$ cat start.cif   # mmCIF, C-alpha atoms and all ligand atoms
data_query
#
loop_
_atom_site.label_atom_id
_atom_site.label_comp_id
_atom_site.auth_asym_id
_atom_site.auth_seq_id
_atom_site.Cartn_x
_atom_site.Cartn_y
_atom_site.Cartn_z
CA MET S 1 -156.44 -131.96 -18.92
CA ARG S 2 -156.32 -131.77 -22.70
CA ARG S 3 -155.81 -128.23 -23.86
CA SER S 4 -158.62 -127.57 -26.30
CA PRO S 5 -158.56 -124.55 -28.62
CA THR S 6 -161.39 -123.14 -26.50
CA HIS S 7 -159.24 -123.52 -23.42
CA VAL S 8 -156.36 -121.73 -25.11
CA ARG S 9 -158.70 -118.89 -26.04
CA ARG S 10 -160.02 -118.72 -22.50
CA LEU S 11 -156.50 -118.69 -21.14
CA ALA S 12 -155.52 -115.93 -23.58
CA ALA S 13 -158.58 -113.89 -22.62
CA GLY S 14 -157.78 -114.40 -18.95
CA LEU S 15 -154.20 -113.29 -19.42
CA LEU S 16 -155.33 -110.25 -21.34
CA ALA S 17 -157.81 -109.35 -18.63
CA GLY S 18 -155.06 -109.81 -16.07
CA ALA S 19 -152.72 -107.63 -18.06
CA LEU S 20 -155.33 -104.89 -18.30
CA ALA S 21 -155.71 -104.90 -14.56
CA SER S 22 -152.27 -103.36 -14.28
CA THR S 23 -151.99 -99.70 -15.13
CA ALA S 24 -148.58 -100.44 -16.57
CA LEU S 25 -150.23 -102.31 -19.34
CA VAL S 26 -153.28 -100.24 -20.17
CA LEU S 27 -151.74 -98.64 -23.17
CA GLY S 28 -154.02 -99.72 -25.97
CA SER S 29 -152.39 -99.64 -29.36
CA SER S 30 -150.57 -96.35 -29.14
CA PRO S 31 -148.60 -95.77 -32.34
CA ALA S 32 -145.69 -94.59 -30.19
CA HIS S 33 -145.03 -98.21 -29.30
CA ALA S 34 -145.29 -99.75 -32.72
CA ALA S 35 -141.55 -99.34 -33.21
CA HIS S 36 -140.87 -101.78 -30.36
CA ALA S 37 -143.31 -104.40 -31.56
CA PRO S 38 -141.72 -107.77 -32.27
CA LEU S 39 -143.03 -109.72 -35.23
CA THR S 40 -146.23 -111.56 -34.42
CA ALA S 41 -148.83 -113.15 -36.59
CA PRO S 42 -151.29 -110.55 -37.93
CA GLY S 43 -154.32 -110.37 -35.68
CA ALA S 44 -152.65 -112.36 -32.89
CA PRO S 45 -153.51 -110.88 -29.48
CA THR S 46 -150.66 -108.89 -27.98
CA GLN S 47 -150.07 -106.98 -24.79
CA LEU S 48 -147.58 -104.36 -23.74
CA ARG S 49 -145.05 -105.52 -21.18
CA GLU S 50 -142.35 -103.57 -19.42
CA VAL S 51 -138.75 -104.40 -20.24
CA PHE S 52 -136.10 -103.61 -17.64
CA SER S 53 -132.46 -102.98 -18.49
CA PRO S 54 -129.55 -103.60 -16.11
CA ASP S 55 -128.79 -99.84 -16.05
CA GLY S 56 -132.26 -99.27 -14.52
CA SER S 57 -133.91 -97.84 -17.62
CA ILE S 58 -137.38 -99.10 -18.52
CA ARG S 59 -139.36 -99.28 -21.72
CA THR S 60 -142.41 -101.10 -23.01
CA ALA S 61 -142.65 -103.76 -25.69
CA ARG S 62 -145.56 -105.49 -27.36
CA VAL S 63 -145.47 -109.27 -26.95
CA PRO S 64 -147.89 -112.09 -27.76
CA VAL S 65 -150.51 -112.56 -25.05
CA ALA S 66 -149.80 -116.26 -24.63
CA PRO S 67 -146.11 -116.90 -25.36
CA GLN S 68 -146.67 -120.57 -24.49
CA ALA S 69 -149.46 -120.80 -27.09
CA ALA S 70 -148.06 -124.06 -28.44
CA PRO S 71 -147.73 -126.03 -25.21
CA ASP S 72 -145.98 -129.33 -24.93
CA ALA S 73 -147.44 -132.09 -22.80
CA ARG S 74 -145.35 -131.03 -19.79
CA THR S 75 -147.24 -127.77 -19.33
CA GLU S 76 -150.53 -129.62 -19.00
CA ARG S 77 -149.97 -130.55 -15.36
CA ALA S 78 -152.19 -128.77 -12.89
CA ALA S 79 -150.71 -127.12 -9.82
CA GLU S 80 -149.71 -129.73 -7.27
CA ALA S 81 -150.24 -129.32 -3.56
CA ALA S 82 -147.29 -127.31 -2.26
CA THR S 83 -146.03 -126.33 1.17
CA VAL S 84 -146.81 -122.72 2.08
CA GLU S 85 -144.24 -121.18 4.41
CA PRO S 86 -144.78 -117.91 6.29
CA VAL S 87 -141.82 -115.62 5.65
CA GLU S 88 -143.21 -112.81 7.79
CA VAL S 89 -146.67 -112.67 9.34
CA ASN S 90 -147.71 -109.45 11.05
CA GLY S 91 -151.38 -110.26 11.60
CA PRO S 92 -154.52 -111.83 10.13
CA SER S 93 -154.64 -111.58 6.32
CA SER S 94 -157.92 -109.66 6.48
CA GLY S 95 -156.01 -106.72 7.94
CA LYS S 96 -152.76 -107.01 5.99
CA LEU S 97 -151.37 -106.85 2.48
CA ASP S 98 -150.30 -110.34 1.49
CA LEU S 99 -147.33 -110.80 -0.84
CA VAL S 100 -147.02 -114.34 -2.17
CA PHE S 101 -143.85 -115.68 -3.76
CA VAL S 102 -143.87 -118.68 -6.10
CA GLY S 103 -140.69 -120.17 -7.54
CA ASP S 104 -139.84 -121.83 -10.83
CA GLY S 105 -136.93 -124.03 -11.79
CA TYR S 106 -136.08 -124.91 -8.19
CA THR S 107 -135.86 -128.66 -7.64
CA ALA S 108 -136.70 -130.28 -4.30
CA ALA S 109 -132.98 -130.22 -3.47
CA GLN S 110 -132.84 -126.47 -4.23
CA LEU S 111 -135.57 -125.23 -1.89
CA ASP S 112 -132.93 -123.72 0.39
CA THR S 113 -131.71 -121.65 -2.55
CA TYR S 114 -135.32 -120.59 -3.16
CA ARG S 115 -135.72 -119.57 0.49
CA ARG S 116 -132.56 -117.47 0.29
CA ASP S 117 -133.70 -115.88 -2.97
CA VAL S 118 -137.11 -114.96 -1.50
CA ARG S 119 -135.45 -113.38 1.51
CA SER S 120 -133.07 -111.34 -0.59
CA LYS S 121 -135.98 -109.99 -2.67
CA VAL S 122 -137.91 -109.14 0.49
CA ALA S 123 -134.86 -107.30 1.85
CA GLU S 124 -134.57 -105.34 -1.39
CA LEU S 125 -138.27 -104.41 -1.42
CA PHE S 126 -138.39 -103.25 2.20
CA ALA S 127 -135.21 -101.18 1.88
CA VAL S 128 -137.28 -98.67 -0.11
CA GLU S 129 -139.77 -96.20 1.42
CA PRO S 130 -142.66 -96.29 2.07
CA TYR S 131 -142.46 -100.12 2.16
CA LYS S 132 -139.76 -99.78 4.81
CA SER S 133 -141.79 -97.76 7.33
CA TYR S 134 -145.02 -99.62 6.54
CA ARG S 135 -143.54 -103.12 6.56
CA SER S 136 -145.80 -104.17 9.45
CA LEU S 137 -148.83 -103.74 7.15
CA PHE S 138 -147.60 -106.69 5.07
CA ASN S 139 -147.63 -110.45 5.36
CA ILE S 140 -145.17 -112.39 3.21
CA TRP S 141 -145.61 -116.00 2.15
CA GLN S 142 -143.63 -118.36 0.00
CA VAL S 143 -145.18 -121.28 -1.82
CA ASP S 144 -142.59 -124.05 -2.20
CA VAL S 145 -143.22 -124.89 -5.85
CA VAL S 146 -141.03 -127.84 -6.82
CA SER S 147 -139.82 -128.23 -10.41
CA ARG S 148 -138.50 -131.41 -12.02
CA GLU S 149 -135.54 -129.64 -13.57
CA SER S 150 -133.31 -126.80 -12.41
CA GLY S 151 -133.36 -123.42 -14.19
CA VAL S 152 -135.85 -121.96 -16.66
CA ASP S 153 -136.36 -121.95 -20.43
CA ASP S 154 -134.07 -119.92 -22.71
CA ASP S 155 -131.48 -119.42 -19.98
CA PRO S 156 -128.57 -118.89 -20.34
CA THR S 157 -129.17 -119.09 -24.07
CA GLN S 158 -132.23 -119.06 -26.28
CA GLY S 159 -133.53 -122.49 -27.14
CA VAL S 160 -132.65 -124.17 -23.83
CA ARG S 161 -135.71 -126.10 -22.56
CA ARG S 162 -136.40 -127.16 -19.00
CA ASP S 163 -139.29 -129.05 -17.45
CA THR S 164 -140.48 -126.65 -14.74
CA ALA S 165 -143.69 -126.09 -12.79
CA LEU S 166 -144.49 -122.53 -13.92
CA ASP S 167 -142.88 -122.70 -17.38
CA MET S 168 -140.97 -119.42 -16.96
CA ASN S 169 -138.82 -118.28 -19.87
CA TYR S 170 -136.46 -115.50 -20.89
CA TYR S 171 -136.63 -114.08 -24.44
CA CYS S 172 -140.36 -113.64 -23.95
CA GLY S 173 -141.69 -112.11 -27.19
CA GLY S 174 -138.12 -112.29 -28.49
CA LEU S 175 -136.77 -109.88 -25.84
CA ASP S 176 -133.84 -111.39 -23.96
CA ARG S 177 -134.44 -109.85 -20.51
CA LEU S 178 -138.22 -110.20 -20.55
CA LEU S 179 -138.99 -113.00 -18.12
CA CYS S 180 -142.47 -114.47 -18.60
CA VAL S 181 -144.46 -117.00 -16.60
CA ASP S 182 -147.56 -119.12 -17.13
CA GLU S 183 -149.71 -116.69 -15.13
CA ALA S 184 -152.60 -119.12 -14.72
CA LYS S 185 -150.26 -121.72 -13.23
CA ALA S 186 -148.57 -119.15 -10.98
CA GLN S 187 -151.99 -118.01 -9.71
CA GLN S 188 -153.03 -121.61 -8.98
CA TYR S 189 -149.98 -122.10 -6.78
CA ALA S 190 -150.33 -118.68 -5.18
CA ALA S 191 -153.95 -119.49 -4.29
CA GLN S 192 -152.62 -122.04 -1.79
CA ALA S 193 -151.43 -119.12 0.36
CA PRO S 194 -153.86 -116.72 2.09
CA GLN S 195 -155.45 -113.91 0.03
CA ALA S 196 -152.65 -112.83 -2.31
CA ASP S 197 -152.67 -109.08 -2.95
CA GLN S 198 -149.63 -109.47 -5.21
CA VAL S 199 -147.95 -112.56 -6.63
CA ILE S 200 -144.22 -112.49 -7.41
CA ALA S 201 -142.73 -115.37 -9.43
CA LEU S 202 -139.00 -115.97 -8.98
CA ALA S 203 -136.98 -117.83 -11.60
CA ASN S 204 -134.03 -119.92 -10.46
CA SER S 205 -131.51 -117.87 -12.43
CA SER S 206 -128.89 -115.20 -11.92
CA THR S 207 -129.59 -113.64 -15.33
CA TYR S 208 -131.00 -110.12 -14.97
CA GLY S 209 -134.64 -110.07 -15.95
CA GLY S 210 -138.23 -109.62 -14.94
CA ALA S 211 -141.63 -108.35 -16.02
CA GLY S 212 -144.66 -106.58 -14.63
CA GLY S 213 -148.26 -107.65 -14.48
CA THR S 214 -150.71 -109.34 -12.18
CA VAL S 215 -147.90 -111.81 -11.57
CA ALA S 216 -144.65 -109.84 -11.39
CA THR S 217 -141.52 -111.82 -12.25
CA ALA S 218 -137.88 -111.49 -11.23
CA ALA S 219 -134.68 -113.50 -11.42
CA GLY S 220 -134.31 -115.06 -7.97
CA GLY S 221 -130.52 -115.18 -8.05
CA ASN S 222 -129.88 -111.70 -9.45
CA ALA S 223 -129.08 -109.10 -6.82
CA ARG S 224 -130.76 -106.20 -8.63
CA SER S 225 -133.88 -107.78 -10.07
CA GLY S 226 -135.89 -107.17 -6.87
CA GLN S 227 -136.07 -103.54 -7.99
CA ILE S 228 -138.53 -104.76 -10.58
CA ALA S 229 -140.93 -105.79 -7.82
CA VAL S 230 -140.47 -102.42 -6.08
CA HIS S 231 -141.53 -100.68 -9.29
CA GLU S 232 -144.32 -103.11 -10.17
CA LEU S 233 -146.01 -102.81 -6.82
CA GLY S 234 -146.05 -99.08 -7.50
CA HIS S 235 -148.47 -99.91 -10.32
CA SER S 236 -150.44 -102.79 -8.85
CA LEU S 237 -150.78 -101.50 -5.28
CA GLY S 238 -150.29 -97.75 -5.63
CA GLY S 239 -152.05 -97.23 -8.96
CA LEU S 240 -149.06 -95.20 -10.15
CA ALA S 241 -148.24 -94.41 -13.77
CA ASP S 242 -144.86 -94.93 -15.38
CA GLU S 243 -142.80 -91.76 -15.43
CA TYR S 244 -140.47 -92.75 -18.26
CA ASP S 245 -141.05 -91.35 -21.70
CA SER S 246 -140.93 -92.32 -25.33
CA PRO S 247 -140.60 -90.03 -28.36
CA GLY S 248 -143.74 -88.14 -29.28
CA ALA S 249 -146.41 -85.91 -27.76
CA HIS S 250 -149.02 -86.96 -25.23
CA GLN S 251 -152.42 -87.54 -26.81
CA GLY S 252 -155.70 -86.84 -25.07
CA GLY S 253 -156.58 -85.17 -21.79
CA GLU S 254 -155.66 -85.52 -18.14
CA GLU S 255 -154.56 -88.96 -16.94
CA PRO S 256 -156.11 -90.70 -13.93
CA GLU S 257 -152.93 -91.59 -12.00
CA PRO S 258 -151.76 -89.31 -9.18
CA ASN S 259 -148.15 -88.99 -10.43
CA VAL S 260 -148.62 -87.75 -14.00
CA SER S 261 -150.47 -84.68 -15.27
CA VAL S 262 -150.96 -82.74 -18.47
CA TYR S 263 -150.92 -79.51 -16.43
CA PRO S 264 -147.70 -77.51 -16.05
CA ARG S 265 -146.74 -76.01 -12.72
CA ALA S 266 -148.54 -72.65 -12.97
CA THR S 267 -151.84 -74.28 -13.93
CA MET S 268 -151.50 -77.03 -11.36
CA SER S 269 -150.84 -74.50 -8.63
CA ALA S 270 -153.56 -72.03 -9.69
CA TYR S 271 -156.28 -74.65 -9.98
CA ARG S 272 -155.09 -76.86 -7.09
CA LEU S 273 -154.65 -79.99 -9.20
CA LYS S 274 -152.83 -83.29 -8.69
CA TRP S 275 -149.67 -82.81 -6.57
CA TYR S 276 -149.99 -79.01 -6.11
CA ARG S 277 -149.53 -79.41 -2.34
CA TRP S 278 -146.02 -80.79 -2.94
CA LEU S 279 -144.74 -78.20 -5.44
CA GLY S 280 -141.40 -76.82 -4.27
CA GLN S 281 -141.02 -79.39 -1.48
CA PRO S 282 -137.96 -81.66 -1.28
CA THR S 283 -138.60 -85.15 -2.65
CA PRO S 284 -136.94 -88.40 -1.47
CA ASP S 285 -135.57 -89.18 -4.94
CA GLY S 286 -133.62 -85.89 -4.97
CA GLY S 287 -134.31 -82.26 -5.85
CA THR S 288 -137.70 -80.66 -5.38
CA VAL S 289 -141.17 -81.48 -6.61
CA GLY S 290 -142.18 -79.65 -9.77
CA THR S 291 -143.58 -80.49 -13.17
CA TYR S 292 -140.90 -82.20 -15.27
CA GLU S 293 -141.87 -82.78 -18.88
CA GLY S 294 -141.95 -86.34 -20.21
CA ALA S 295 -143.86 -89.23 -18.62
CA LYS S 296 -146.20 -92.12 -19.38
CA TYR S 297 -144.65 -92.98 -22.77
CA ALA S 298 -144.66 -89.44 -24.18
CA ALA S 299 -141.87 -86.86 -24.29
CA THR S 300 -143.98 -83.71 -24.41
CA GLY S 301 -147.35 -82.49 -23.19
CA ILE S 302 -147.28 -84.48 -19.95
CA TYR S 303 -145.41 -84.00 -16.67
CA ARG S 304 -144.02 -86.02 -13.77
CA PRO S 305 -143.44 -84.75 -10.21
CA SER S 306 -139.66 -85.24 -9.98
CA GLN S 307 -136.58 -85.63 -12.10
CA ASN S 308 -135.95 -89.34 -11.66
CA SER S 309 -138.03 -91.55 -9.38
CA ILE S 310 -138.33 -95.35 -9.37
CA MET S 311 -141.36 -95.08 -11.63
CA ARG S 312 -138.86 -93.79 -14.21
CA THR S 313 -135.62 -95.62 -13.37
CA LEU S 314 -135.05 -98.71 -11.21
CA GLY S 315 -132.84 -98.34 -8.16
CA ARG S 316 -134.37 -94.95 -7.20
CA GLU S 317 -136.81 -93.84 -4.50
CA PHE S 318 -140.48 -92.98 -4.99
CA ASN S 319 -141.12 -89.24 -5.25
CA ALA S 320 -143.18 -87.45 -2.59
CA PRO S 321 -146.58 -87.54 -4.39
CA SER S 322 -146.13 -91.23 -5.26
CA ARG S 323 -145.09 -92.08 -1.72
CA GLU S 324 -148.27 -90.40 -0.49
CA ALA S 325 -150.38 -92.44 -2.94
CA MET S 326 -148.64 -95.66 -1.89
CA ILE S 327 -149.35 -95.10 1.80
CA ALA S 328 -153.03 -94.41 1.07
CA ALA S 329 -153.15 -97.57 -1.04
CA PHE S 330 -151.55 -99.67 1.71
CA TYR S 331 -154.29 -98.59 4.10
CA ARG S 332 -157.02 -99.00 1.49
CA LYS S 333 -156.06 -102.68 1.28
CA ALA S 334 -155.04 -103.40 4.85
CA GLY S 335 -157.22 -101.00 6.86
CA LEU S 336 -155.91 -98.82 9.69
CA ALA S 337 -157.82 -100.00 12.75
CA ALA S 338 -160.41 -102.41 14.09
CA GLN S 339 -162.39 -102.57 17.32
CA THR S 340 -162.82 -105.20 19.99
CA PRO S 341 -166.24 -105.69 21.63
CA ALA S 342 -166.95 -103.63 24.73
CA THR S 343 -166.81 -105.57 27.98
CA ARG S 344 -167.81 -104.75 31.54
CA ASP S 345 -165.45 -106.10 34.17
CA ALA S 346 -166.06 -107.25 37.75
CA PHE S 347 -165.34 -103.75 39.08
CA GLY S 348 -168.09 -102.19 37.00
CA ILE S 349 -165.72 -100.67 34.46
CA TRP S 350 -166.67 -100.62 30.79
CA ARG S 351 -163.60 -101.51 28.67
CA PHE S 352 -163.16 -100.46 25.05
CA GLY S 353 -160.24 -101.33 22.81
CA VAL S 354 -158.92 -100.86 19.29
CA THR S 355 -156.20 -102.63 17.34
CA ALA S 356 -154.32 -100.36 14.96
CA GLN S 357 -151.52 -100.70 12.44
CA GLN S 358 -148.19 -99.64 13.90
CA PRO S 359 -146.07 -98.12 11.14
CA ALA S 360 -142.48 -97.17 11.93
CA GLY S 361 -140.46 -94.21 10.74
CA GLY S 362 -141.91 -90.71 10.86
CA SER S 363 -145.56 -91.67 11.16
CA ARG S 364 -147.53 -91.33 14.37
CA VAL S 365 -150.86 -93.05 14.95
CA THR S 366 -153.13 -91.12 17.30
CA VAL S 367 -156.40 -92.12 18.99
CA ARG S 368 -159.08 -89.64 20.04
CA TRP S 369 -161.86 -90.94 22.30
CA ARG S 370 -165.30 -89.46 22.66
CA VAL S 371 -168.15 -90.42 24.97
CA ASP S 372 -171.56 -89.18 23.84
CA GLY S 373 -169.80 -86.65 21.62
CA HIS S 374 -167.51 -85.24 24.33
CA ARG S 375 -163.72 -85.57 24.08
CA VAL S 376 -162.13 -87.49 26.95
CA PRO S 377 -158.43 -87.13 27.73
CA ALA S 378 -157.48 -90.74 26.89
CA THR S 379 -155.14 -91.18 23.90
CA GLY S 380 -154.20 -94.86 24.11
CA LEU S 381 -155.60 -97.92 22.38
CA ARG S 382 -157.79 -98.70 25.42
CA LEU S 383 -160.40 -96.80 27.37
CA GLY S 384 -162.06 -97.71 30.67
CA ILE S 385 -165.16 -95.91 31.93
CA PRO S 386 -166.84 -96.59 35.28
CA ALA S 387 -170.36 -97.80 34.54
CA ALA S 388 -171.68 -95.31 37.10
CA LEU S 389 -170.62 -92.44 34.83
CA LEU S 390 -172.74 -93.91 32.08
CA ALA S 391 -175.88 -93.94 34.18
CA GLY S 392 -178.80 -91.90 32.99
CA LYS S 393 -180.17 -91.59 29.54
CA ALA S 394 -179.23 -94.48 27.28
CA PRO S 395 -178.04 -95.55 24.80
CA HIS S 396 -174.50 -94.20 25.12
CA HIS S 397 -172.08 -93.86 22.23
CA VAL S 398 -168.34 -94.27 22.55
CA THR S 399 -166.13 -93.52 19.55
CA ALA S 400 -162.43 -93.86 18.85
CA THR S 401 -160.98 -91.92 15.93
CA VAL S 402 -157.66 -93.42 14.85
CA THR S 403 -155.43 -91.40 12.50
CA ASP S 404 -152.02 -91.89 10.96
CA GLU S 405 -150.64 -88.34 11.18
CA THR S 406 -147.64 -88.98 8.90
CA PRO S 407 -146.32 -85.84 7.18
CA TRP S 408 -145.77 -88.03 4.10
CA VAL S 409 -149.48 -87.57 3.34
CA ARG S 410 -150.62 -83.99 2.70
CA ASP S 411 -154.00 -84.47 1.04
CA PRO S 412 -156.68 -84.11 3.76
CA GLU S 413 -159.17 -86.13 1.72
CA LEU S 414 -156.76 -89.08 1.48
CA ARG S 415 -156.06 -88.80 5.19
CA SER S 416 -159.73 -88.81 6.13
CA ARG S 417 -160.63 -91.65 3.73
CA TYR S 418 -157.72 -94.04 4.21
CA LEU S 419 -155.54 -92.86 7.11
CA THR S 420 -158.44 -92.43 9.51
CA SER S 421 -160.77 -95.02 11.07
CA THR S 422 -163.68 -94.10 13.29
CA LEU S 423 -164.92 -96.94 15.48
CA GLU S 424 -168.15 -96.78 17.46
CA TRP S 425 -169.71 -98.70 20.32
CA THR S 426 -173.31 -98.33 21.41
CA LEU S 427 -174.23 -99.24 24.99
CA ARG S 428 -177.82 -100.06 25.77
CA PRO S 429 -179.12 -100.43 29.30
ZN ZN L 1 -143.89 -99.64 -14.94
#

$ encode --input "start.cif" --output "structure tokens" --more "lines below"
Ligand SMILES: [Zn+2]
Amino acid sequence: MRRSPTHVRRLAAGLLAGALASTALVLGSSPAHAAHAPLTAPGAPTQLREVFSPDGSIRTARVPVAPQAAPDARTERAAEAATVEPVEVNGPSSGKLDLVFVGDGYTAAQLDTYRRDVRSKVAELFAVEPYKSYRSLFNIWQVDVVSRESGVDDDPTQGVRRDTALDMNYYCGGLDRLLCVDEAKAQQYAAQAPQADQVIALANSSTYGGAGGTVATAAGGNARSGQIAVHELGHSLGGLADEYDSPGAHQGGEEPEPNVSVYPRATMSAYRLKWYRWLGQPTPDGGTVGTYEGAKYAATGIYRPSQNSIMRTLGREFNAPSREAMIAAFYRKAGLAAQTPATRDAFGIWRFGVTAQQPAGGSRVTVRWRVDGHRVPATGLRLGIPAALLAGKAPHHVTATVTDETPWVRDPELRSRYLTSTLEWTLRP
């Protein structure tokens, strides 16, 4: 396909829309960030991207929307058919969160390296809670994207060019550790796997680097760059805000994300706002939950729940309010439970069944059965009722209320909306 100017504009608009889908990037043109802005042509579209340092610190930088705006003929190729390999499948995609890996700069002879790199990133992601306890809610796929040349652009030094399938490059927007990808191309490859909830592009490199966005990126061969995916999924799945700060005061009112607030502790507690239920409780990233000043790119006038969570520094745990939001988000995407049709067996027993997610760790999934509104003592995933007991006035209603009782969620509204499923069967004579 020839890349017309219209196509380039469409691509740029698409990338911008994609960028805006991530809370990490919805920053507008805050003056606080102007200091980081690399030189770009006046009026050229830009977006804010997160830049990750090897010490775990994070900041944002403004980069051109389409770094590959002057494509060479090699980037014109459409996505080729690629093998999709299941890395871990825990159930049908309709009831799971699907993570899809795509690789760049891996030649056909290097697919074993790619496989190893995917597995090491998966291990890093699922070492962190609540991914660890809720791992069975995920499916993981890898798309075997084959590149003609090994490695990616501008690695190990700026100016190096390689002919690769996803055109990944370091020095994106002039920032050495910012690893960018042709997002449209990455999405085309990812679309060959089932229903991607998050795409992660791995570069065949050991140079530390990565970026956030609708397609998160990470260096496949760098042992610490998987932390970038842990953080990014906090945004894209959990709807969490960044908790790191930049000089200056917060502008405007309350923020929508569950892990930042303009209200200090006394106000939050008095008016029962945001994470008030967690105030004073221990938090997995250390210390206790409070209101710590400095978050979401401002140093004053806005608070975060803990001293130093992974939404502030890579290599850390999520804090308690963020962990709660992540668990709710997992269930919002994957669902907690589903029902199987009622059957009546040869002995005249009506059989009812539910399938439910089975998280590990401290969570406990309970089932409460009711027949015509009355609790019955059964607590398992199956219920059998002799048809004779259901004689008399019809129709009869059987319900199963499935709940994840994890203490990691305190908000009763979140628990009833996302950690509870009520399934109902109606029996007619
Ligand atoms: Zn972030």

$ closest_atom_pairs --input "start.cif" --of "stretch 89-132 of chain S" --to "stretch 313-335 of chain S" --cutoff "7 Å" --atoms "all atoms listed in the file" --output "JSON lines"
{"residue": "S:Gly95", "atom": "CA", "partner": "S:Ala334", "partner_atom": "CA", "distance": 4.6}
{"residue": "S:Lys96", "atom": "CA", "partner": "S:Ala334", "partner_atom": "CA", "distance": 4.4}
{"residue": "S:Leu97", "atom": "CA", "partner": "S:Ala334", "partner_atom": "CA", "distance": 5.6}
{"residue": "S:Val128", "atom": "CA", "partner": "S:Glu317", "partner_atom": "CA", "distance": 6.5}
{"residue": "S:Pro130", "atom": "CA", "partner": "S:Arg323", "partner_atom": "CA", "distance": 6.2}

$ residues_near_ligand --input "start.cif" --ligand "ligand ZN 1 (chain L)" --cutoff "10 Å" --atoms "all atoms listed in the file" --output "short mmCIF file (atom, residue, chain, number, x, y, z; two decimals) with C-alpha atoms, in the coordinates of the input"
data_model
loop_
_atom_site.label_atom_id
_atom_site.label_comp_id
_atom_site.auth_asym_id
_atom_site.auth_seq_id
_atom_site.Cartn_x
_atom_site.Cartn_y
_atom_site.Cartn_z
CA SER S 22 -152.27 -103.36 -14.28
CA THR S 23 -151.99 -99.70 -15.13
CA ALA S 24 -148.58 -100.44 -16.57
CA LEU S 25 -150.23 -102.31 -19.34
CA ARG S 49 -145.05 -105.52 -21.18
CA GLU S 50 -142.35 -103.57 -19.42
CA VAL S 51 -138.75 -104.40 -20.24
CA PHE S 52 -136.10 -103.61 -17.64
CA ILE S 58 -137.38 -99.10 -18.52
CA ARG S 59 -139.36 -99.28 -21.72
CA THR S 60 -142.41 -101.10 -23.01
CA ALA S 211 -141.63 -108.35 -16.02
CA GLY S 212 -144.66 -106.58 -14.63
CA GLY S 213 -148.26 -107.65 -14.48
CA ILE S 228 -138.53 -104.76 -10.58
CA ALA S 229 -140.93 -105.79 -7.82
CA VAL S 230 -140.47 -102.42 -6.08
CA HIS S 231 -141.53 -100.68 -9.29
CA GLU S 232 -144.32 -103.11 -10.17
CA LEU S 233 -146.01 -102.81 -6.82
CA GLY S 234 -146.05 -99.08 -7.50
CA HIS S 235 -148.47 -99.91 -10.32
CA SER S 236 -150.44 -102.79 -8.85
CA LEU S 240 -149.06 -95.20 -10.15
CA ALA S 241 -148.24 -94.41 -13.77
CA ASP S 242 -144.86 -94.93 -15.38
CA GLU S 243 -142.80 -91.76 -15.43
CA TYR S 244 -140.47 -92.75 -18.26
CA LYS S 296 -146.20 -92.12 -19.38
CA ILE S 310 -138.33 -95.35 -9.37
CA MET S 311 -141.36 -95.08 -11.63
CA ARG S 312 -138.86 -93.79 -14.21
CA THR S 313 -135.62 -95.62 -13.37
CA LEU S 314 -135.05 -98.71 -11.21
#

$ closest_residue --input "start.cif" --among "S:Thr217, S:Thr291, S:Thr283, S:Ser421" --to "S:Thr399" --atoms "all atoms listed in the file"
S:Ser421

$ atom_distance --input "start.cif" --atom1 "atom CA of S:Thr267" --atom2 "atom CA of S:Tyr303"
12.0 Å

$ closest_residue --input "start.cif" --among "S:Ala201, S:Ala109, S:Leu419, S:Val87" --to "S:Pro359" --atoms "only C-alpha atoms"
S:Leu419

$ closest_residue --input "start.cif" --among "S:His396, S:Arg415, S:Arg177, S:Arg364" --to "S:Thr157" --atoms "only C-alpha atoms"
S:Arg177

$ atom_distance --input "start.cif" --atom1 "atom CA of S:Asp104" --atom2 "atom CA of S:Leu166"
5.6 Å

$ closest_residue --input "start.cif" --among "S:Val63, S:Ala79, S:Ala127, S:Ala356" --to "S:Val402" --atoms "all atoms listed in the file"
S:Ala356

$ atom_distance --input "start.cif" --atom1 "atom CA of S:Pro247" --atom2 "atom CA of S:Glu293"
12.0 Å

$ closest_residue --input "start.cif" --among "S:Gly221, S:Gly353, S:Gly301, S:Pro92" --to "S:Trp425" --atoms "all atoms listed in the file"
S:Gly353

$ decode --input "start.cif" --residues "stretch 126-130 of chain S" --atoms "N, CA, C and O atoms" --output "mmCIF file, in the first residue's frame"
data_model
loop_
_atom_site.group_PDB
_atom_site.id
_atom_site.type_symbol
_atom_site.label_atom_id
_atom_site.label_comp_id
_atom_site.auth_asym_id
_atom_site.auth_seq_id
_atom_site.Cartn_x
_atom_site.Cartn_y
_atom_site.Cartn_z
ATOM 1 N N PHE S 126 3.537 -11.705 36.911
ATOM 2 C CA PHE S 126 2.720 -12.469 37.858
ATOM 3 C C PHE S 126 3.438 -12.738 39.180
ATOM 4 O O PHE S 126 2.947 -13.495 40.006
ATOM 5 N N ALA S 127 4.591 -12.094 39.376
ATOM 6 C CA ALA S 127 5.227 -12.122 40.701
ATOM 7 C C ALA S 127 4.646 -11.030 41.590
ATOM 8 O O ALA S 127 4.878 -10.999 42.787
ATOM 9 N N VAL S 128 3.880 -10.099 40.969
ATOM 10 C CA VAL S 128 3.360 -8.942 41.694
ATOM 11 C C VAL S 128 1.868 -9.145 41.963
ATOM 12 O O VAL S 128 1.124 -9.568 41.077
ATOM 13 N N GLU S 129 1.423 -8.830 43.183
ATOM 14 C CA GLU S 129 -0.007 -8.861 43.502
ATOM 15 C C GLU S 129 -0.692 -7.602 42.980
ATOM 16 O O GLU S 129 -0.074 -6.544 42.964
ATOM 17 N N PRO S 130 -1.961 -7.674 42.549
ATOM 18 C CA PRO S 130 -2.836 -8.845 42.621
ATOM 19 C C PRO S 130 -2.794 -9.749 41.382
ATOM 20 O O PRO S 130 -3.573 -10.685 41.295
#
